[in-house]
Each structure stands twice: as C-alpha cells, then as structure tokens.
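Visitor: Got a structure for you, written out below as structure tokens; questions coming shortly.
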Amino acid sequence: MAYPSPLNELATRVAQTRPERLKQSFPRLNAEEKNKLLHEYHPDYRADTFSTLRVGPNAGDRTPRELAILLEGESLLKETSLSINQPDYDCDVLVIGGGGAGCAAALIADDLGAKVIVATKLRLGDANTMMAQGGIQAADKDNDSPALHYLDVLGGGHFANIPELVETLVTDAPEAIQWLEDLGVMFDKNPDGSMKTIHGGGTSRKRMHTARDYTGAEIMRTLRDELKSRPQITVLEFSPAIELLTDSNGTVTGAVLLNLNLSGNALSPNYHYTIVRAKTVVIATGGSGRLHYQGFPTSNHYGATGDGLVLAYRAGARLAFIDTMQYHPTGVAYPQQIIGQLVTEKVRSLGAQLLNVDGQQFIFPLETRDVVASAIIRECQKGKGVVTPGNISGVWLDTPMIEILRGPGTVKRELPAMVRQFARFGIELDKEPILVYPTLHYQNGGVAIDPDCRTNVPFLFVAGEASGGVHGRNRLMGNSLLDVIVFGRRAGNAAAQTARTRTANLELTLKHLEKWDQELQKNNLAPVTKSPLILPDYTKKEV
Amino acid sequence: MGENMIDIYIMGEHHRVPDSLTILQALEYAGYRLIRGVGCRGGFCGACATVYRIAGDYRLKFALACQTKVEPNMQLAMIPYFPAHQPRYRLSELKGTAQEVLNIYPEMLTCYGCNTCTKSCPQEIDVLGYVSAIIRGDIPLAADISFDCIMCGLCVSRCPAELVKHHAALLCRRIYGKFLAPRSEHLKQRIQEVKSGKFTAAIAELKNMPPEELKKVYANRDIEPEE
C-alpha cells in the first residue's frame, strides 16, 4: 500500500464496502435534481468569479475574470515599430495551431492544392489533442444512429448547443473515423474488424472508440507524421500568432507570429517577428485551461492560454458560450506532484465508482461531466471528502472494481498510460483506489462559427476547442476529439476553397488595432495587461 | 507544513528545491521560464525528456521531467531537441508490407542488440523487442509493443547503431492501422447510410421539436445496458 496514514486506513473502508457495492447501482438523477446540483455547486455559477466584458462584439456578456482581462488587454505590438509591409511568407491558407484541428485543416487544405503554412506555439502536436485519453465518439453501430448521437450531445449541452453544428458533428462522425483509420490510426477492434466501443458519460449507446488510453496521442502522432511527410506544407514551430493582419475593409489577410526561439534572453531582448500573408486564416489554437479559472488546477497542455480568442476578438469576431468551462470530475488529487492531471473518464466507463470518505457512492458515475464534478464538489464541501497530506479534499475512484467486473488484467490492458502514471508514485491502480477532484479541463465556448467554420469576420475560420457552439454548455466525453477532426477537416476545406476566390498581394495593416484602441479609450478602459498570454509563468510557484 | 529542501544541480548549477517537486516543477521553482523541454505536463508528449545522474554514481538515468520526482544530488539536463532522421514517405503510396519498413529504415538491420534503447525508455517499453519484431517482419507485434511510445527520442539519442527506432515504430503502427487491421464493415455501411440520407428526417424532427418535448424525449431515451 503506497498511501501514508491516514489515507491508508481510509482506503481500507473502500475495500470493505466493495462487495455490497458490486450489487448496487446508484440511481441516475432526474432533470430537476441535476439542475439544482449544478446551480448550487458548479463553478460556472459562482457569480463573483466572473466579469462583464465592456468592449468588443461581446460587450455586456459574462466571462471568467481571467479571460476578460486578456480579451480586454492591449496588443503586444503596441509601441513597437514593426514593419508589416514585407511579408516573410505568402500562402493561401495559414493555420494557426498545430494540434488536432490545425493538422486536420492543413491536411485537407493541402489535399485541395492550397499552399498551406502551419504556425504553432510550441512543437507540432503540442496540444490538448495529444492528452485526450478517453476516446472519440461516432454512431456507427447497428443499434445506434446519428440521431441518437444528436440527442445525447444536445442533452449533455443542456439544449443550448447550436443545432446545425451538432448535426454536422454527428453526421460527419463516421467519415471522420474512416479518415483517421485510412491515415493509419490503430483503433481498438474485435477480431472480425468491428470497433470495440464503450459508454461515456451521457451516452445512450456505446459509441466511444478507443486506442487503449492513448486515443488522442495515437491520433495526434499519426496526423503529425502525415503532415511531416508532405514537404510542400511549411511548418513554423515555436511561432505563436500574436496578432491578426487585416486590410482596410477589416477582412483578415494574415498574421504576425512571434519567434520564441529568437526573441529573448537577457543579452539580446529583441522580439523577432514573422509576417505571414494569407488569403484565409484558420484559428485552431485550442483552449485556455492554463488561465486557471477560479484557481483550479488544469489538465491542459502548457500552451492552452486562449490566445486565439484574444486575436479573433480584437479583429471583431463574435464569441459564444464564453461563460461556461468544463471541470473534468476526475483530476488527480493525490499524489501532489501530478495534481490536476487527468484521470480519464474511461475509468468510469469501465466500471469504477466514485466514493466519499465513508466508502459510499454519492452519484451515478456516468452522469455528464458537469453533474459529476458538481457532486464531488458538494461531497467535499459537506465534509465527506478525503483530506490529503497536501490538505486538499478529494473523493475515491475505485479502480480495483474494474478488475472484479471485467476480469483480472483489465486495468493494465485498457489503461496502460494511467497505470504507468500512478506506478511512478508507487500506487497500483488495479489494487488500490485513487483520489480525485475536479480539474479545469475544457473551454466549452469560443469563437462563434457556422458548419463550415466561418466566423463573422471575412476570411477568418475557427475550428476545434477555440470555437464555440457545438457543445453548448457542457461537452460530452469523446466529442472533443471528434470535434477537432470533423471541424478541422471542414475548416481546411472551406478555407482552401475560399482562398481561391481571393487575389494575391493582399493589403497588410493593423488598422483593427487602431479601432480597438479607440474603443478602449471611448470606454475609459486602461488595459490591465498585454495579451495574448502565450505561456503561463510558473517560476517559484507550484502548479 | 515545513518543506524538506534538497540539493540538485541543473546543468551544473546548484539549486535548493523542495523534495516534493517533479523535475519540471523544480526547474520552474529555480527560476527557469521554460519554452523548450516542456509540453503537455501530463506524460503524453515527450517534450521533457531528461537525462540525469546522482552524484557519485557514473550511470546515466532517463526520465520525463513532468512525471518524475527530484532526488537529492540529482545532476540533470534536458534534451529539448534531437536531430533524428525522418525519411519522407507517403503512407497512401505504400502497400503495407514488412519489407517496406526495412526499405525506408534499412539501418534497422544493423541493430546489435545491446538493449541500451530499452534501458533508456522512460515509458518502460521493450524497445529492443519491437526492433527485433521489425527485423523479423512482424509488423503487428512491433505496432503492439511500441504502442505506448511518446516519441521523446531518448532511445535514439543513446543508440550506438544510430537507429531511428521511434519513427520506424510509428510507421509500423500506421501500416498496421491502415493495411493489416481487419476492416470495420459497420463503419463502411454507416457512411453509406449517412450519404444516402437515411438519418436526415430523424435529425430534422429533433431539430424542429419544441424544447420541452425534446427534453422529454431526451429524459426518456433508452440507454444501452452495460452488458
């Protein structure tokens, strides 16, 4: 047993209640009960942690304070004498972001013969896609249908989703899976070739496709390899976009990138910019977990700082659902070294139950993520949580239950990444329960798009987590990987087609920034900070 | 709660850090604002490959900085980039044979079985095992053994025969996924059904349903039992 006292003793309570829990199924909540739980305990309803935006297309809308500060920030280019007239690169489609959505967009645009540049903040593939473990949804089994998938997505999103986007997500899903398979993604299959599929929170059919518990990594490394095998695509790594470029009409014509390799040390603090002129721009910059809303730890990639939202907003793009974030119910609460890292929902899909300090269930394990997270927060606030040596509260996730339900060896076979992660700290997942607490996981909203990923700003497209609308107010497990593939492909297609309608030698200006400054001044707003953030700063801090 | 401080050496420079930190957290605690050598911070991306020794011991050890605790007298450095050879190929132009892997990565045959790769893998993958499988032409086995590879490249940096094995393994997995794994008939059929418009009416009905009715349909939908 790897747990120090008194966790050790508390864990034995879990083992003691296991035989009776094998026979128990905790009842699902009805709509009214869910609503009440969410309003009382979900972080989205903590009004004091939100701000109302004062400038831009969403003036009057509510968003987490940390994001509002950046959205109302000042350009990093302010007071620099950057010459933007001579672009370093010219292309048809500029994809900003090298994750799942960005790579999918780049590949499809390249298929259509567009000259494509991918600019990414860190390395190609450094993205939340790489970290998605649970799976990818698609209604491709006999007992399932895209209509059932549609219903699940809408119910999970509290019926706030944009119906056309959901329809697109679920009807494109089977083809997205086939596209991935054709690129060589190794999905888990039965000997006859049929897909092994399981439930996720909020699914009415088993439609979660998996690649062990490395589903996102398997997809991402495959897309990256395919992209690298196409030398005609230019990839600019360590080059985050810090501003869009526009013409006099306010349409998008490119972007300014900051070369992180060349830009900074104490001896030579010179910012090194790259100017890219593009007929169309796809923003696929992902989410913003690294803003640590309400002080939550996060499961997100180091680069998830919401940069794309800031760029798009300044250029006039409308955002949607930016008042709702997803807190994944099961972030690591112990050991301290990996607090906030994800414990995949697949653990609950496989049968692990959630338990309070008494070893008792308090929620059906596969309610939607927002509901389960709220229930865990409630349990801990009621004093029914388990307090760790680091003095934070969590609840048990009873992983050994999986071995009993599905046979010895299941945990090692189905959850190799998790087994390895915990074994590094001496915890044996198949023998001991683990401690979890909600972690900031996903940005439910983003830039408003149509089914072809168009925004209200001409020639600007957005795909993946940076977009908003498809998931409504809560995303279901397995619909994010699906989102990045379906809408990444669509963005690549639409951006390449649209680029053909545009002439070369587009005008490059930063006039939208002048307008932005005027609006800040008009509202007497002194920006608190420059933005986008690019990377968080953890020096001398433990997160 | 008083923190227990220990001595570590980052690229030779002495720092005192709490012993509860991971290597990555210790670098940041020491004041490094990282751009390279950091990625997902969750053990999936291979960006934070780290080489270290404990003072007094000549042997090198290997770890992911985000998943490994600091130890007293650790002397460490990150490998932020390794110029590994990556041949160009188009999967769509291959036939999916084992020989193709060896044609693209002929140096695999020069492996002398020293097993340094396996010892250097922070994922504890049997690297030599999958290299052997590649040499024998067993693509499914190579794909299976190498599946948990996060492509940090430590195995390549240490290989005396200079084999770019993590890239060869990725090719094996892609060949397996595209050519060797049995095809999924239900997937093909569903794509046809979607194209023929089989579900258009059902989705349109849901789209046009009044919200209260839709909520009822959702609440009453039948859920596939677990077993």
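Chains: A, B, ... in order of the structure tokens. Residues: from 1 per chain. Ligands: from 1, in order shown.
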Extract, using only C-alpha atoms, all DNA, RNA and protein residues at most 6 Å from segment 36-52 of chain A, discarding same-chain residues fewer than 5 positions from it, and format them as a list of chain:residue names.

Guide: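 The filter keeps A:Gly60, A:Asp61, A:Arg62, A:Thr63, A:Pro64, A:Arg65, A:Thr324, A:Ser374.
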
Visitor: Could you write out the selected residues, including N, CA and C atoms, as an mmCIF file, in the first residue's frame?

Guide:
```
data_model
loop_
_atom_site.group_PDB
_atom_site.id
_atom_site.type_symbol
_atom_site.label_atom_id
_atom_site.label_comp_id
_atom_site.auth_asym_id
_atom_site.auth_seq_id
_atom_site.Cartn_x
_atom_site.Cartn_y
_atom_site.Cartn_z
ATOM 1 N N GLY A 60 -21.053 43.352 -22.661
ATOM 2 C CA GLY A 60 -22.273 43.010 -21.926
ATOM 3 C C GLY A 60 -22.346 41.548 -21.531
ATOM 4 N N ASP A 61 -21.511 40.703 -22.160
ATOM 5 C CA ASP A 61 -21.513 39.270 -21.833
ATOM 6 C C ASP A 61 -20.572 38.987 -20.666
ATOM 7 N N ARG A 62 -20.876 37.892 -19.986
ATOM 8 C CA ARG A 62 -20.142 37.485 -18.802
ATOM 9 C C ARG A 62 -19.084 36.442 -19.178
ATOM 10 N N THR A 63 -17.923 36.541 -18.575
ATOM 11 C CA THR A 63 -16.884 35.536 -18.810
ATOM 12 C C THR A 63 -15.972 35.492 -17.588
ATOM 13 N N PRO A 64 -15.242 34.386 -17.371
ATOM 14 C CA PRO A 64 -14.366 34.345 -16.204
ATOM 15 C C PRO A 64 -13.417 35.547 -16.192
ATOM 16 N N ARG A 65 -13.185 36.053 -15.013
ATOM 17 C CA ARG A 65 -12.379 37.273 -14.855
ATOM 18 C C ARG A 65 -11.025 37.159 -15.562
ATOM 19 N N THR A 324 -18.954 29.513 -19.905
ATOM 20 C CA THR A 324 -19.008 28.160 -19.368
ATOM 21 C C THR A 324 -17.736 27.371 -19.680
ATOM 22 N N SER A 374 -19.913 18.562 -10.041
ATOM 23 C CA SER A 374 -20.674 19.268 -9.004
ATOM 24 C C SER A 374 -20.916 18.373 -7.792
#
```

Visitor: Near chain A, meaning an atom within 7 Å, which residues of chain B appear when counting only C-alpha atoms? Write them as a PyMOL selection string.

Guide: chain B and resi 20-22+25+28-33+39-42+44-45+88-90+173-178+182-187+190-191+194+199+202-203+207+218+222-224

Visitor: Using Å and a single decimal, report how far atom CA of Ala15 of chain A sits from atom CA of Pro400 of chain A.

Guide: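 Answer for the atom CA of Pro400 of chain A to atom CA of Ala15 of chain A separation: 8.8 Å.
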
Visitor: So how many Å separate atom CA of Pro210 of chain B and atom CA of Ile322 of chain A, to one decimal?

Guide: 25.5 Å

Visitor: Could you tell me which of A:Ser288, A:Arg413, A:Val419, A:Leu354 comes closest to Gly394 of chain A if we count only C-alpha atoms?

Guide: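 Using only C-alpha atoms, Gly394 of chain A sits closest to A:Leu354.
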
Visitor: Write out as number ranges by chain each polymer residue whose atoms come within 10 Å of segment 403-410 of chain A, counting only C-alpha atoms; drop sequence neighbours fewer than 6 positions from it.

Guide: A: 18-19, 22, 350-352, 416, 429-431

Visitor: Deliver the residues from the most recent selection as a file, using N, CA and C atoms, as a short mmCIF file (atom, residue, chain, number, x, y, z; two decimals), in the first residue's frame.

Guide:
```cif
data_model
loop_
_atom_site.label_atom_id
_atom_site.label_comp_id
_atom_site.auth_asym_id
_atom_site.auth_seq_id
_atom_site.Cartn_x
_atom_site.Cartn_y
_atom_site.Cartn_z
N ARG A 18 -16.78 -2.74 -0.91
CA ARG A 18 -16.78 -3.20 -2.31
C ARG A 18 -17.77 -4.34 -2.57
N PRO A 19 -17.80 -5.38 -1.73
CA PRO A 19 -18.74 -6.48 -2.02
C PRO A 19 -20.20 -6.02 -2.13
N LEU A 22 -20.89 -3.96 -5.33
CA LEU A 22 -20.97 -4.74 -6.56
C LEU A 22 -22.41 -4.97 -6.96
N LEU A 350 -15.37 1.94 -17.59
CA LEU A 350 -15.03 0.53 -17.35
C LEU A 350 -15.65 0.01 -16.05
N GLY A 351 -16.24 0.90 -15.23
CA GLY A 351 -16.98 0.42 -14.07
C GLY A 351 -16.54 0.94 -12.70
N ALA A 352 -15.51 1.80 -12.65
CA ALA A 352 -15.07 2.31 -11.35
C ALA A 352 -16.12 3.28 -10.78
N PRO A 416 -3.14 1.52 -19.85
CA PRO A 416 -1.69 1.46 -19.64
C PRO A 416 -1.07 2.81 -19.26
N LEU A 429 -2.89 0.85 -9.45
CA LEU A 429 -4.27 1.15 -9.84
C LEU A 429 -5.21 -0.05 -9.75
N ASP A 430 -4.70 -1.23 -10.04
CA ASP A 430 -5.58 -2.41 -10.04
C ASP A 430 -5.83 -2.95 -8.63
N LYS A 431 -5.06 -2.44 -7.67
CA LYS A 431 -5.23 -2.94 -6.30
C LYS A 431 -5.72 -1.87 -5.33
#
```

Visitor: Smallest atom-to-atom distance to Thr246 of chain A: which of A:Ala119, A:Leu311, A:Leu10, A:Ile339, using only C-alpha atoms?

Guide: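 Going through A:Ala119, A:Leu311, A:Leu10, A:Ile339 one by one, the smallest distance to Thr246 of chain A is for A:Leu311.
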
Visitor: Identify all residues of segment 271-349 of chain A in helix (DSSP H, G or I) (DSSP on the backbone) and supply them as number ranges by chain.

Guide: A: 289-291, 293-295, 307-314, 336-338, 346-349

Visitor: Enter the distance from atom CA of Leu355 of chain A to atom CA of Glu226 of chain B, in Å, rounded to one decimal.

Guide: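 Distance between the two atoms: 20.1 Å.
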
Visitor: Using backbone DSSP assignments, extract all strand (DSSP E) residues from segment 110-320 of chain A; output them as a PDB file with C-alpha atoms, in the first residue's frame.

Guide:
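Written output follows (part.pdb):
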```pdb
ATOM      1  CA  VAL A 116      -0.500  25.858 -46.550  1.00  0.00           C
ATOM      2  CA  ILE A 117       1.502  27.200 -43.633  1.00  0.00           C
ATOM      3  CA  VAL A 118       1.028  25.840 -40.117  1.00  0.00           C
ATOM      4  CA  ALA A 119       2.252  28.115 -37.329  1.00  0.00           C
ATOM      5  CA  ILE A 136     -13.759   9.529 -29.842  1.00  0.00           C
ATOM      6  CA  GLN A 137     -17.498   9.197 -30.439  1.00  0.00           C
ATOM      7  CA  THR A 197     -16.931   0.684 -28.327  1.00  0.00           C
ATOM      8  CA  ILE A 198     -17.855   1.659 -24.782  1.00  0.00           C
ATOM      9  CA  MET A 208     -16.756   5.596 -27.698  1.00  0.00           C
ATOM     10  CA  HIS A 209     -13.961   4.409 -29.998  1.00  0.00           C
ATOM     11  CA  THR A 234       5.522  24.766 -44.291  1.00  0.00           C
ATOM     12  CA  VAL A 235       5.542  24.257 -40.526  1.00  0.00           C
ATOM     13  CA  LEU A 236       6.689  27.111 -38.291  1.00  0.00           C
ATOM     14  CA  ALA A 241       0.490  34.180 -33.574  1.00  0.00           C
ATOM     15  CA  ILE A 242       0.225  37.335 -31.520  1.00  0.00           C
ATOM     16  CA  GLU A 243      -1.975  39.395 -33.833  1.00  0.00           C
ATOM     17  CA  LEU A 244      -4.023  39.011 -36.981  1.00  0.00           C
ATOM     18  CA  LEU A 245      -3.412  41.238 -40.005  1.00  0.00           C
ATOM     19  CA  THR A 246      -6.312  42.899 -41.792  1.00  0.00           C
ATOM     20  CA  VAL A 252      -8.303  39.079 -42.415  1.00  0.00           C
ATOM     21  CA  THR A 253      -5.155  38.929 -44.581  1.00  0.00           C
ATOM     22  CA  GLY A 254      -2.573  37.179 -42.417  1.00  0.00           C
ATOM     23  CA  ALA A 255      -0.952  37.177 -39.022  1.00  0.00           C
ATOM     24  CA  VAL A 256       2.055  38.328 -37.039  1.00  0.00           C
ATOM     25  CA  LEU A 257       3.983  35.498 -35.401  1.00  0.00           C
ATOM     26  CA  LEU A 258       6.472  35.809 -32.567  1.00  0.00           C
ATOM     27  CA  TYR A 273       8.522  38.689 -35.636  1.00  0.00           C
ATOM     28  CA  THR A 274       7.438  36.719 -38.677  1.00  0.00           C
ATOM     29  CA  ILE A 275       4.882  38.247 -41.022  1.00  0.00           C
ATOM     30  CA  VAL A 276       2.646  35.813 -42.874  1.00  0.00           C
ATOM     31  CA  ARG A 277       0.287  36.984 -45.604  1.00  0.00           C
ATOM     32  CA  ALA A 278      -2.576  34.572 -46.224  1.00  0.00           C
ATOM     33  CA  LYS A 279      -5.748  34.547 -48.267  1.00  0.00           C
ATOM     34  CA  THR A 280      -7.529  32.741 -45.461  1.00  0.00           C
ATOM     35  CA  VAL A 281      -6.656  32.120 -41.816  1.00  0.00           C
ATOM     36  CA  VAL A 282      -7.784  29.178 -39.689  1.00  0.00           C
ATOM     37  CA  ILE A 283      -7.516  29.675 -35.944  1.00  0.00           C
ATOM     38  CA  LEU A 319     -17.582  34.748 -29.230  1.00  0.00           C
ATOM     39  CA  ALA A 320     -20.177  32.306 -27.921  1.00  0.00           C
TER      40      ALA A 320
END
```

Visitor: Rank nothing, just name the residue among B:Val131, B:Cys111, B:Ile8, B:Leu34 nearest to Asp144 of chain B, using only C-alpha atoms.

Guide: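 Result for the nearest residue to Asp144 of chain B: B:Val131.
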
Visitor: Determine, counting only C-alpha atoms, which protein, DNA and RNA residues have an atom within 12 Å of an atom of Cys114 of chain B; residues of the same chain fewer than 3 positions away are not included. Present the result as JSON, numbers by chain.

Guide: {"B": [110, 111, 117, 118, 119, 120, 127, 128, 129, 131, 132, 155, 158, 159, 160, 161]}

Visitor: From the options B:Ile23, B:Leu91, B:Ala98, B:Ile35, which residue's atoms come nearest to Ala65 of chain B, counting only C-alpha atoms?

Guide: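 With only C-alpha atoms as the atom set, the closest residue is B:Ile23.
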
Visitor: May I have the residues within 9 Å of Tyr442 of chain A as a count of residues only, using only C-alpha atoms and disregarding those fewer than 4 positions away in the same chain?

Guide: 11

Visitor: Ranking A:Thr399, A:Thr285, A:Thr498, A:Ser248 by minimum distance to Ala466 of chain A and counting only C-alpha atoms, which one comes first?

Guide: A:Thr285

Visitor: If we count only C-alpha atoms and set the cut-off at 8 Å, which residues sit around Met151 of chain B, ignoring sequence neighbours fewer than 6 positions away in its own chain? Please answer as a PyMOL selection string.

Guide: chain B and resi 45-46+166-167

Visitor: Residues near Val70 of chain B, anyone? I mean within 12 Å using only C-alpha atoms, not counting same-chain ones fewer than 6 positions away, as number ranges by chain.

Guide: A: 337; B: 4-10, 15-27, 29, 50, 52-54, 63-64, 76

Visitor: Would you please work out which residue, of B:Ile135, B:Ala142, B:Pro80, B:Ala169, is nearest to Ser157 of chain B when using only C-alpha atoms?

Guide: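 Among the listed residues, the smallest separation from Ser157 of chain B belongs to B:Pro80.
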